[in-house]
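The data block below is work_38.pdb; it holds PDB, C-alpha atoms and all ligand atoms.
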ATOM      1  CA  MET T 626     124.752 103.016 107.080  1.00  0.00           C
ATOM      2  CA  LYS T 627     122.888 101.275 104.343  1.00  0.00           C
ATOM      3  CA  LEU T 628     119.216 102.003 103.722  1.00  0.00           C
ATOM      4  CA  TYR T 629     117.362  99.331 101.777  1.00  0.00           C
ATOM      5  CA  PHE T 630     114.387 100.844 100.046  1.00  0.00           C
ATOM      6  CA  ALA T 631     111.841 100.386  97.308  1.00  0.00           C
ATOM      7  CA  GLN T 632     110.180 103.281  95.510  1.00  0.00           C
ATOM      8  CA  THR T 633     107.010 102.909  97.550  1.00  0.00           C
ATOM      9  CA  MET T 634     105.178 104.769 100.301  1.00  0.00           C
ATOM     10  CA  ASN T 635     106.945 103.326 103.364  1.00  0.00           C
ATOM     11  CA  SER T 636     110.392 103.935 101.937  1.00  0.00           C
ATOM     12  CA  TYR T 637     109.346 107.440 100.860  1.00  0.00           C
ATOM     13  CA  LYS T 638     109.549 108.805 104.409  1.00  0.00           C
ATOM     14  CA  THR T 639     112.799 107.004 105.270  1.00  0.00           C
ATOM     15  CA  CYS T 640     114.641 108.170 102.150  1.00  0.00           C
ATOM     16  CA  ALA T 641     113.239 111.680 102.684  1.00  0.00           C
ATOM     17  CA  VAL T 642     114.432 111.815 106.315  1.00  0.00           C
ATOM     18  CA  ALA T 643     117.892 110.468 105.395  1.00  0.00           C
ATOM     19  CA  ARG T 644     118.185 113.149 102.728  1.00  0.00           C
ATOM     20  CA  TYR T 645     116.745 115.902 104.903  1.00  0.00           C
ATOM     21  CA  LEU T 646     119.350 115.142 107.568  1.00  0.00           C
ATOM     22  CA  ASP T 647     122.070 114.907 104.953  1.00  0.00           C
ATOM     23  CA  LEU T 648     123.352 111.719 106.573  1.00  0.00           C
ATOM     24  CA  ASP T 649     126.048 109.610 105.019  1.00  0.00           C
ATOM     25  CA  VAL T 650     123.717 106.841 103.898  1.00  0.00           C
ATOM     26  CA  GLU T 651     124.193 104.364 101.110  1.00  0.00           C
ATOM     27  CA  PHE T 652     120.871 103.782  99.373  1.00  0.00           C
ATOM     28  CA  GLN T 653     120.266 100.234  98.182  1.00  0.00           C
ATOM     29  CA  ARG T 654     117.204  99.585  96.059  1.00  0.00           C
ATOM     30  CA  VAL T 655     115.351  96.321  96.633  1.00  0.00           C
ATOM     31  CA  ASP T 656     113.545  95.133  93.528  1.00  0.00           C
ATOM     32  CA  LEU T 657     110.102  94.115  94.784  1.00  0.00           C
ATOM     33  CA  GLN T 658     108.932  93.112  91.332  1.00  0.00           C
ATOM     34  CA  GLU T 659     111.774  90.593  91.139  1.00  0.00           C
ATOM     35  CA  GLY T 660     110.970  89.353  94.661  1.00  0.00           C
ATOM     36  CA  GLU T 661     114.341  90.481  96.029  1.00  0.00           C
ATOM     37  CA  GLN T 662     112.688  91.155  99.413  1.00  0.00           C
ATOM     38  CA  ARG T 663     112.261  87.388  99.791  1.00  0.00           C
ATOM     39  CA  SER T 664     115.906  86.552  99.043  1.00  0.00           C
ATOM     40  CA  VAL T 665     117.897  84.834 101.793  1.00  0.00           C
ATOM     41  CA  ALA T 666     120.243  87.819 101.965  1.00  0.00           C
ATOM     42  CA  PHE T 667     117.437  90.315 102.488  1.00  0.00           C
ATOM     43  CA  LEU T 668     115.481  88.128 104.920  1.00  0.00           C
ATOM     44  CA  ALA T 669     118.612  88.085 107.105  1.00  0.00           C
ATOM     45  CA  ILE T 670     118.195  91.863 107.347  1.00  0.00           C
ATOM     46  CA  ASN T 671     114.418  91.967 107.652  1.00  0.00           C
ATOM     47  CA  PRO T 672     112.741  88.598 108.324  1.00  0.00           C
ATOM     48  CA  ASN T 673     109.409  90.161 107.331  1.00  0.00           C
ATOM     49  CA  GLY T 674     110.627  90.531 103.751  1.00  0.00           C
ATOM     50  CA  LYS T 675     109.527  94.175 103.634  1.00  0.00           C
ATOM     51  CA  THR T 676     111.173  97.453 102.785  1.00  0.00           C
ATOM     52  CA  PRO T 677     112.551  99.720 104.149  1.00  0.00           C
ATOM     53  CA  ALA T 678     115.315  98.293 106.344  1.00  0.00           C
ATOM     54  CA  LEU T 679     118.469  99.843 107.742  1.00  0.00           C
ATOM     55  CA  VAL T 680     121.864  98.333 108.480  1.00  0.00           C
ATOM     56  CA  ASP T 681     124.270 100.265 110.689  1.00  0.00           C
ATOM     57  CA  GLY T 682     127.231  98.176 111.875  1.00  0.00           C
ATOM     58  CA  GLU T 683     125.695  95.262 113.816  1.00  0.00           C
ATOM     59  CA  LEU T 684     122.258  96.885 113.831  1.00  0.00           C
ATOM     60  CA  ARG T 685     119.501  95.496 111.620  1.00  0.00           C
ATOM     61  CA  LEU T 686     116.502  97.792 111.889  1.00  0.00           C
ATOM     62  CA  TRP T 687     113.106  97.414 110.245  1.00  0.00           C
ATOM     63  CA  GLU T 688     109.823  99.333 110.458  1.00  0.00           C
ATOM     64  CA  SER T 689     109.921 102.686 108.729  1.00  0.00           C
ATOM     65  CA  ASN T 690     108.873 104.725 111.773  1.00  0.00           C
ATOM     66  CA  ALA T 691     111.632 103.197 113.895  1.00  0.00           C
ATOM     67  CA  ILE T 692     114.113 103.900 111.107  1.00  0.00           C
ATOM     68  CA  ILE T 693     113.232 107.588 110.834  1.00  0.00           C
ATOM     69  CA  CYS T 694     113.618 108.009 114.623  1.00  0.00           C
ATOM     70  CA  TYR T 695     116.979 106.245 114.521  1.00  0.00           C
ATOM     71  CA  LEU T 696     118.198 108.449 111.658  1.00  0.00           C
ATOM     72  CA  ALA T 697     117.113 111.587 113.513  1.00  0.00           C
ATOM     73  CA  MET T 698     118.854 110.424 116.737  1.00  0.00           C
ATOM     74  CA  LYS T 699     121.977 109.613 114.780  1.00  0.00           C
ATOM     75  CA  ALA T 700     122.003 113.150 113.369  1.00  0.00           C
ATOM     76  CA  ASN T 701     121.190 114.620 116.786  1.00  0.00           C
ATOM     77  CA  SER T 702     118.245 116.333 115.137  1.00  0.00           C
ATOM     78  CA  ASP T 703     115.121 117.907 116.603  1.00  0.00           C
ATOM     79  CA  LEU T 704     113.099 115.835 114.174  1.00  0.00           C
ATOM     80  CA  TRP T 705     113.113 113.403 117.127  1.00  0.00           C
ATOM     81  CA  PRO T 706     112.991 115.740 120.166  1.00  0.00           C
ATOM     82  CA  ARG T 707     114.526 114.517 123.421  1.00  0.00           C
ATOM     83  CA  ASP T 708     111.597 115.309 125.724  1.00  0.00           C
ATOM     84  CA  GLU T 709     107.916 114.579 126.291  1.00  0.00           C
ATOM     85  CA  LYS T 710     107.189 115.549 122.689  1.00  0.00           C
ATOM     86  CA  GLN T 711     108.195 111.964 121.905  1.00  0.00           C
ATOM     87  CA  ILE T 712     104.866 110.881 123.402  1.00  0.00           C
ATOM     88  CA  ASP T 713     102.975 113.033 120.938  1.00  0.00           C
ATOM     89  CA  ILE T 714     105.040 111.596 118.099  1.00  0.00           C
ATOM     90  CA  ILE T 715     104.244 108.023 119.170  1.00  0.00           C
ATOM     91  CA  LYS T 716     100.578 109.002 119.268  1.00  0.00           C
ATOM     92  CA  TRP T 717     100.747 110.203 115.643  1.00  0.00           C
ATOM     93  CA  PHE T 718     102.700 107.112 114.583  1.00  0.00           C
ATOM     94  CA  ASN T 719     100.039 104.810 116.021  1.00  0.00           C
ATOM     95  CA  TRP T 720      97.189 106.928 114.719  1.00  0.00           C
ATOM     96  CA  SER T 721      98.556 106.901 111.210  1.00  0.00           C
ATOM     97  CA  THR T 722      99.333 103.174 111.237  1.00  0.00           C
ATOM     98  CA  ASP T 723      95.915 102.211 112.608  1.00  0.00           C
ATOM     99  CA  HIS T 724      93.752 104.842 110.967  1.00  0.00           C
ATOM    100  CA  PHE T 725      94.799 107.440 108.415  1.00  0.00           C
ATOM    101  CA  CYS T 726      97.722 105.752 106.622  1.00  0.00           C
ATOM    102  CA  ARG T 727      96.084 102.370 106.973  1.00  0.00           C
ATOM    103  CA  PHE T 728      93.185 103.434 104.743  1.00  0.00           C
ATOM    104  CA  ALA T 729      95.144 105.883 102.565  1.00  0.00           C
ATOM    105  CA  GLY T 730      97.538 102.945 102.130  1.00  0.00           C
ATOM    106  CA  ASP T 731      94.623 100.800 100.918  1.00  0.00           C
ATOM    107  CA  LEU T 732      93.893 103.420  98.237  1.00  0.00           C
ATOM    108  CA  TYR T 733      97.597 103.493  97.357  1.00  0.00           C
ATOM    109  CA  PHE T 734      97.539  99.698  96.992  1.00  0.00           C
ATOM    110  CA  GLU T 735      94.332  99.568  94.952  1.00  0.00           C
ATOM    111  CA  HIS T 736      95.227 102.364  92.540  1.00  0.00           C
ATOM    112  CA  ILE T 737      99.031 102.211  92.314  1.00  0.00           C
ATOM    113  CA  ILE T 738     100.383  98.819  93.401  1.00  0.00           C
ATOM    114  CA  ARG T 739      97.719  96.699  91.710  1.00  0.00           C
ATOM    115  CA  PRO T 740      98.387  98.101  88.215  1.00  0.00           C
ATOM    116  CA  GLN T 741     102.151  98.270  88.808  1.00  0.00           C
ATOM    117  CA  PHE T 742     102.348  94.608  89.839  1.00  0.00           C
ATOM    118  CA  GLY T 743      99.658  93.321  87.470  1.00  0.00           C
ATOM    119  CA  LEU T 744      97.318  92.398  90.330  1.00  0.00           C
ATOM    120  CA  GLY T 745      94.083  93.193  88.517  1.00  0.00           C
ATOM    121  CA  ASP T 746      91.579  96.020  88.798  1.00  0.00           C
ATOM    122  CA  PRO T 747      90.932  97.946  92.017  1.00  0.00           C
ATOM    123  CA  ASP T 748      88.351  96.292  94.263  1.00  0.00           C
ATOM    124  CA  PRO T 749      85.421  98.771  94.375  1.00  0.00           C
ATOM    125  CA  GLY T 750      84.369  97.621  97.867  1.00  0.00           C
ATOM    126  CA  VAL T 751      87.843  98.211  99.299  1.00  0.00           C
ATOM    127  CA  VAL T 752      88.059 101.588  97.554  1.00  0.00           C
ATOM    128  CA  GLU T 753      84.693 102.707  98.918  1.00  0.00           C
ATOM    129  CA  THR T 754      85.446 101.642 102.493  1.00  0.00           C
ATOM    130  CA  ALA T 755      88.953 103.113 102.448  1.00  0.00           C
ATOM    131  CA  THR T 756      87.774 106.402 100.950  1.00  0.00           C
ATOM    132  CA  GLY T 757      85.149 106.701 103.704  1.00  0.00           C
ATOM    133  CA  TYR T 758      87.729 106.180 106.431  1.00  0.00           C
ATOM    134  CA  VAL T 759      90.256 108.511 104.800  1.00  0.00           C
ATOM    135  CA  ARG T 760      87.551 111.212 104.829  1.00  0.00           C
ATOM    136  CA  ARG T 761      86.707 110.468 108.467  1.00  0.00           C
ATOM    137  CA  TYR T 762      90.302 110.553 109.722  1.00  0.00           C
ATOM    138  CA  GLY T 763      91.291 113.246 107.235  1.00  0.00           C
ATOM    139  CA  ARG T 764      88.813 115.579 108.947  1.00  0.00           C
ATOM    140  CA  ILE T 765      90.572 114.994 112.271  1.00  0.00           C
ATOM    141  CA  LEU T 766      93.961 115.729 110.720  1.00  0.00           C
ATOM    142  CA  ASP T 767      92.612 118.793 108.927  1.00  0.00           C
ATOM    143  CA  ASP T 768      91.093 120.218 112.128  1.00  0.00           C
ATOM    144  CA  HIS T 769      94.343 119.591 113.989  1.00  0.00           C
ATOM    145  CA  LEU T 770      96.419 121.334 111.327  1.00  0.00           C
ATOM    146  CA  ALA T 771      94.073 124.312 110.903  1.00  0.00           C
ATOM    147  CA  GLN T 772      96.027 126.448 113.408  1.00  0.00           C
ATOM    148  CA  ARG T 773      99.381 124.691 113.208  1.00  0.00           C
ATOM    149  CA  ARG T 774     102.334 124.687 110.890  1.00  0.00           C
ATOM    150  CA  TYR T 775     103.281 121.072 111.641  1.00  0.00           C
ATOM    151  CA  LEU T 776     101.719 118.259 113.687  1.00  0.00           C
ATOM    152  CA  LEU T 777     103.514 119.331 116.870  1.00  0.00           C
ATOM    153  CA  GLY T 778     103.103 123.055 116.237  1.00  0.00           C
ATOM    154  CA  ASP T 779     106.050 125.061 114.932  1.00  0.00           C
ATOM    155  CA  LEU T 780     108.486 122.163 115.119  1.00  0.00           C
ATOM    156  CA  LEU T 781     108.934 119.846 112.141  1.00  0.00           C
ATOM    157  CA  THR T 782     109.311 116.275 113.443  1.00  0.00           C
ATOM    158  CA  VAL T 783     109.403 112.698 112.227  1.00  0.00           C
ATOM    159  CA  ALA T 784     105.636 112.611 112.892  1.00  0.00           C
ATOM    160  CA  ASP T 785     105.093 114.882 109.865  1.00  0.00           C
ATOM    161  CA  PHE T 786     107.117 112.591 107.616  1.00  0.00           C
ATOM    162  CA  ALA T 787     105.284 109.510 108.918  1.00  0.00           C
ATOM    163  CA  VAL T 788     101.724 110.805 108.685  1.00  0.00           C
ATOM    164  CA  ALA T 789     102.274 112.443 105.275  1.00  0.00           C
ATOM    165  CA  THR T 790     103.856 109.442 103.586  1.00  0.00           C
ATOM    166  CA  THR T 791     100.881 108.575 101.360  1.00  0.00           C
ATOM    167  CA  LEU T 792     100.181 112.180 100.336  1.00  0.00           C
ATOM    168  CA  PRO T 793     102.821 112.564  97.596  1.00  0.00           C
ATOM    169  CA  TYR T 794     100.784 109.847  95.863  1.00  0.00           C
ATOM    170  CA  ALA T 795      97.412 111.509  96.565  1.00  0.00           C
ATOM    171  CA  GLN T 796      96.409 112.207  93.002  1.00  0.00           C
ATOM    172  CA  GLU T 797      97.257 108.801  91.561  1.00  0.00           C
ATOM    173  CA  ALA T 798      95.967 106.949  94.632  1.00  0.00           C
ATOM    174  CA  LYS T 799      92.728 108.981  94.593  1.00  0.00           C
ATOM    175  CA  ILE T 800      93.251 110.175  98.165  1.00  0.00           C
ATOM    176  CA  PRO T 801      90.860 113.153  98.462  1.00  0.00           C
ATOM    177  CA  LEU T 802      93.518 115.595  99.704  1.00  0.00           C
ATOM    178  CA  ASP T 803      91.884 118.603  98.039  1.00  0.00           C
ATOM    179  CA  GLU T 804      88.852 118.266 100.339  1.00  0.00           C
ATOM    180  CA  PHE T 805      91.099 119.198 103.281  1.00  0.00           C
ATOM    181  CA  PRO T 806      92.569 122.707 102.965  1.00  0.00           C
ATOM    182  CA  ALA T 807      94.737 122.663 106.101  1.00  0.00           C
ATOM    183  CA  MET T 808      96.149 119.253 105.216  1.00  0.00           C
ATOM    184  CA  ARG T 809      96.786 120.461 101.684  1.00  0.00           C
ATOM    185  CA  ARG T 810      98.677 123.543 102.972  1.00  0.00           C
ATOM    186  CA  TRP T 811     100.714 121.365 105.349  1.00  0.00           C
ATOM    187  CA  HIS T 812     101.641 118.989 102.590  1.00  0.00           C
ATOM    188  CA  ASP T 813     102.493 121.867 100.226  1.00  0.00           C
ATOM    189  CA  ARG T 814     104.841 123.123 102.974  1.00  0.00           C
ATOM    190  CA  LEU T 815     106.517 119.709 103.182  1.00  0.00           C
ATOM    191  CA  MET T 816     106.845 119.727  99.406  1.00  0.00           C
ATOM    192  CA  GLU T 817     108.998 122.849  99.733  1.00  0.00           C
ATOM    193  CA  LEU T 818     111.659 120.582 101.248  1.00  0.00           C
ATOM    194  CA  PRO T 819     113.773 119.131  98.419  1.00  0.00           C
ATOM    195  CA  ALA T 820     114.130 115.927 100.476  1.00  0.00           C
ATOM    196  CA  TRP T 821     110.361 115.465 100.592  1.00  0.00           C
ATOM    197  CA  GLN T 822     109.815 116.456  97.004  1.00  0.00           C
ATOM    198  CA  SER T 823     112.437 114.060  95.616  1.00  0.00           C
ATOM    199  CA  PRO T 824     113.450 111.402  98.145  1.00  0.00           C
ATOM    200  CA  PHE T 825     114.400 108.944  95.434  1.00  0.00           C
ATOM    201  CA  THR T 826     116.464 111.291  93.237  1.00  0.00           C
ATOM    202  CA  ASN T 827     119.767 109.773  92.217  1.00  0.00           C
ATOM    203  CA  VAL T 828     119.111 106.588  94.154  1.00  0.00           C
ATOM    204  CA  HIS T 829     117.258 104.678  91.443  1.00  0.00           C
ATOM    205  CA  ASP T 830     119.962 104.458  88.822  1.00  0.00           C
ATOM    206  CA  ALA T 831     122.837 104.030  91.236  1.00  0.00           C
ATOM    207  CA  ALA T 832     121.009 101.409  93.270  1.00  0.00           C
ATOM    208  CA  SER T 833     119.561  99.336  90.468  1.00  0.00           C
ATOM    209  CA  SER T 834     123.008  98.798  89.018  1.00  0.00           C
ATOM    210  CA  SER T 835     124.302  97.540  92.380  1.00  0.00           C
ATOM    211  CA  ALA T 836     121.205  95.575  93.472  1.00  0.00           C
ATOM    212  CA  THR T 837     121.759  91.858  93.549  1.00  0.00           C
TER     213      THR T 837
HETATM  214  N1  LIG T 901     105.149  98.419 108.623  1.00  0.00           N
HETATM  215  C1  LIG T 901     106.177  98.336 107.640  1.00  0.00           C
HETATM  216  C2  LIG T 901     105.536  98.089 106.283  1.00  0.00           C
HETATM  217  C3  LIG T 901     106.565  97.769 105.219  1.00  0.00           C
HETATM  218  C4  LIG T 901     105.901  97.389 103.905  1.00  0.00           C
HETATM  219  O1  LIG T 901     104.747  96.953 103.877  1.00  0.00           O
HETATM  220  N2  LIG T 901     106.680  97.535 102.810  1.00  0.00           N
HETATM  221  C5  LIG T 901     106.186  97.178 101.522  1.00  0.00           C
HETATM  222  C6  LIG T 901     106.455  98.304 100.516  1.00  0.00           C
HETATM  223  S1  LIG T 901     105.604  99.791 100.972  1.00  0.00           S
HETATM  224  C7  LIG T 901     106.960  95.970 101.018  1.00  0.00           C
HETATM  225  O2  LIG T 901     108.168  95.923 101.123  1.00  0.00           O
HETATM  226  N3  LIG T 901     106.245  94.986 100.450  1.00  0.00           N
HETATM  227  C8  LIG T 901     106.870  93.838  99.846  1.00  0.00           C
HETATM  228  C9  LIG T 901     106.136  92.561 100.105  1.00  0.00           C
HETATM  229  O3  LIG T 901     105.202  92.556 100.930  1.00  0.00           O
HETATM  230  O4  LIG T 901     106.493  91.560  99.480  1.00  0.00           O
HETATM  231  C10 LIG T 901     107.015  99.640 107.638  1.00  0.00           C
HETATM  232  O5  LIG T 901     106.444 100.694 107.980  1.00  0.00           O
HETATM  233  O6  LIG T 901     108.219  99.602 107.345  1.00  0.00           O
END

Exercise: express the given structure as structure tokens:
Amino acid sequence: MKLYFAQTMNSYKTCAVARYLDLDVEFQRVDLQEGEQRSVAFLAINPNGKTPALVDGELRLWESNAIICYLAMKANSDLWPRDEKQIDIIKWFNWSTDHFCRFAGDLYFEHIIRPQFGLGDPDPGVVETATGYVRRYGRILDDHLAQRRYLLGDLLTVADFAVATTLPYAQEAKIPLDEFPAMRRWHDRLMELPAWQSPFTNVHDAASSSAT
């Protein structure tokens, strides 16, 4: 299997899950600054021109949440349970895409991607709106996690990796994580996993020398 990634928030969860599962995955860095995601070769893998993407034999898979489920299935792991818990996971996937990660992702873009890609200063209007929504949805996440170890209770699942994917960037992205004690504790717990703490370790150097 080959996992195409960039060192950004959506690849964070996929590289972390691949490492957590200790799967035999070849990591291939896509250089977004050089526009490699728009190359003919990469568009044949993901026509959206976005990272991450996974190739496994004939399979071309894009969308980070689909990729983490596929990796967990491949490893026969409980990260993607084989029962009705899948419904709860889909709920958290949609919730994070439409609400929490959508606005935390705006803060990530304004404070991290803009300077990194020379796209100018953060837009104060976007920052204000996104911060308001992150607080609103953050409260829901914090309440949910107050009595739970992980999103689904005691079981770590792909939902945790998906919903948490902006939080390693919280400080730099100005995501107000410290206002939410239960969310903070949950994320600290994820940080105890070497795979979550360092999903990109050893992939940067190896990949950049082989990226075309
Ligand atoms: N919904 C997609 C989003 C992928 C995405 O937006 N990837 C960004 C990096 S975090 C990207 O590759 N951007 C490059 C571009 O838009 O040119 C997923 O979850 O995989």

- Item | Residue members of the PyMOL selection byres (((chain T and resi 712-714) around 9) and not hetatm) in the file shown, as a list of chain:residue names | T:Trp705, T:Asp708, T:Glu709, T:Lys710, T:Gln711, T:Ile715, T:Lys716, T:Trp717, T:Phe718, T:Asn719, T:Leu776, T:Leu777, T:Thr782, T:Val783, T:Ala784, T:Asp785

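For ligand LIG 901 (chain T), the neighbouring polymer residues at 7 Å or closer are Ala631, Thr633, Met634, Asn635, Ser636, Leu657, Gly660, Gln662, Gly674, Lys675, Thr676, Pro677, Trp687, Glu688, Ser689 and Asn690 of chain T, all atoms listed in the file being used.
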
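Note that CA of Leu732 (chain T) and CA of Ile800 (chain T) are 6.8 Å apart.
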
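The coordinates place CA of Leu818 (chain T) at 21.4 Å from CA of Ser721 (chain T).
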
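Considering all atoms listed in the file, the residue among T:Phe786, T:Ala807, T:Val680, T:Arg685 positioned nearest to Pro824 (chain T) is T:Phe786.
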
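With only C-alpha atoms as the atoms that count, the minimum distance from Ala691 (chain T) to the choices T:Arg707, T:Phe667, T:Val642, T:Gln632 is reached by T:Val642.
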
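Take the candidates T:Thr639, T:Ser664, T:Gln741, T:Thr754 and check each one against Leu696 (chain T) using only C-alpha atoms; the shortest distance goes to T:Thr639.
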
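If you measure from each of T:Ala795, T:Val665, T:Leu704, T:Ile737 to Asp779 (chain T) using only C-alpha atoms, the closest one turns out to be T:Leu704.
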
Rebuild region 714-736 of chain T so that it carries N, CA and C atoms, then output the result as an mmCIF file, keeping the file's coordinate frame.
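The new file part.cif reads:
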data_model
loop_
_atom_site.group_PDB
_atom_site.id
_atom_site.type_symbol
_atom_site.label_atom_id
_atom_site.label_comp_id
_atom_site.auth_asym_id
_atom_site.auth_seq_id
_atom_site.Cartn_x
_atom_site.Cartn_y
_atom_site.Cartn_z
ATOM 1 N N ILE T 714 104.607 112.215 119.358
ATOM 2 C CA ILE T 714 105.040 111.596 118.099
ATOM 3 C C ILE T 714 104.563 110.144 118.030
ATOM 4 N N ILE T 715 104.703 109.427 119.150
ATOM 5 C CA ILE T 715 104.244 108.023 119.170
ATOM 6 C C ILE T 715 102.731 107.975 118.937
ATOM 7 N N LYS T 716 102.029 108.931 119.508
ATOM 8 C CA LYS T 716 100.578 109.002 119.268
ATOM 9 C C LYS T 716 100.289 109.117 117.769
ATOM 10 N N TRP T 717 100.988 110.025 117.097
ATOM 11 C CA TRP T 717 100.747 110.203 115.643
ATOM 12 C C TRP T 717 101.194 108.987 114.843
ATOM 13 N N PHE T 718 102.275 108.346 115.270
ATOM 14 C CA PHE T 718 102.700 107.112 114.583
ATOM 15 C C PHE T 718 101.577 106.062 114.639
ATOM 16 N N ASN T 719 101.069 105.850 115.860
ATOM 17 C CA ASN T 719 100.039 104.810 116.021
ATOM 18 C C ASN T 719 98.757 105.185 115.285
ATOM 19 N N TRP T 720 98.411 106.448 115.383
ATOM 20 C CA TRP T 720 97.189 106.928 114.719
ATOM 21 C C TRP T 720 97.296 106.731 113.207
ATOM 22 N N SER T 721 98.453 107.035 112.672
ATOM 23 C CA SER T 721 98.556 106.901 111.210
ATOM 24 C C SER T 721 98.576 105.426 110.810
ATOM 25 N N THR T 722 99.283 104.599 111.585
ATOM 26 C CA THR T 722 99.333 103.174 111.237
ATOM 27 C C THR T 722 97.949 102.536 111.334
ATOM 28 N N ASP T 723 97.212 102.872 112.395
ATOM 29 C CA ASP T 723 95.915 102.211 112.608
ATOM 30 C C ASP T 723 94.778 102.866 111.844
ATOM 31 N N HIS T 724 94.907 104.136 111.532
ATOM 32 C CA HIS T 724 93.752 104.842 110.967
ATOM 33 C C HIS T 724 94.072 105.497 109.622
ATOM 34 N N PHE T 725 94.699 106.674 109.665
ATOM 35 C CA PHE T 725 94.799 107.440 108.415
ATOM 36 C C PHE T 725 95.615 106.730 107.338
ATOM 37 N N CYS T 726 96.867 106.374 107.656
ATOM 38 C CA CYS T 726 97.722 105.752 106.622
ATOM 39 C C CYS T 726 97.257 104.339 106.296
ATOM 40 N N ARG T 727 96.612 103.714 107.254
ATOM 41 C CA ARG T 727 96.084 102.370 106.973
ATOM 42 C C ARG T 727 95.120 102.438 105.785
ATOM 43 N N PHE T 728 94.188 103.382 105.801
ATOM 44 C CA PHE T 728 93.185 103.434 104.743
ATOM 45 C C PHE T 728 93.708 104.180 103.514
ATOM 46 N N ALA T 729 94.514 105.229 103.721
ATOM 47 C CA ALA T 729 95.144 105.883 102.565
ATOM 48 C C ALA T 729 96.063 104.876 101.873
ATOM 49 N N GLY T 730 96.675 103.996 102.681
ATOM 50 C CA GLY T 730 97.538 102.945 102.130
ATOM 51 C C GLY T 730 96.731 101.944 101.305
ATOM 52 N N ASP T 731 95.485 101.683 101.728
ATOM 53 C CA ASP T 731 94.623 100.800 100.918
ATOM 54 C C ASP T 731 94.374 101.432 99.547
ATOM 55 N N LEU T 732 94.129 102.752 99.523
ATOM 56 C CA LEU T 732 93.893 103.420 98.237
ATOM 57 C C LEU T 732 95.165 103.390 97.389
ATOM 58 N N TYR T 733 96.301 103.577 98.047
ATOM 59 C CA TYR T 733 97.597 103.493 97.357
ATOM 60 C C TYR T 733 97.754 102.097 96.739
ATOM 61 N N PHE T 734 97.409 101.070 97.507
ATOM 62 C CA PHE T 734 97.539 99.698 96.992
ATOM 63 C C PHE T 734 96.586 99.470 95.822
ATOM 64 N N GLU T 735 95.337 99.854 95.986
ATOM 65 C CA GLU T 735 94.332 99.568 94.952
ATOM 66 C C GLU T 735 94.633 100.298 93.646
ATOM 67 N N HIS T 736 95.077 101.551 93.747
ATOM 68 C CA HIS T 736 95.227 102.364 92.540
ATOM 69 C C HIS T 736 96.650 102.420 91.987
#
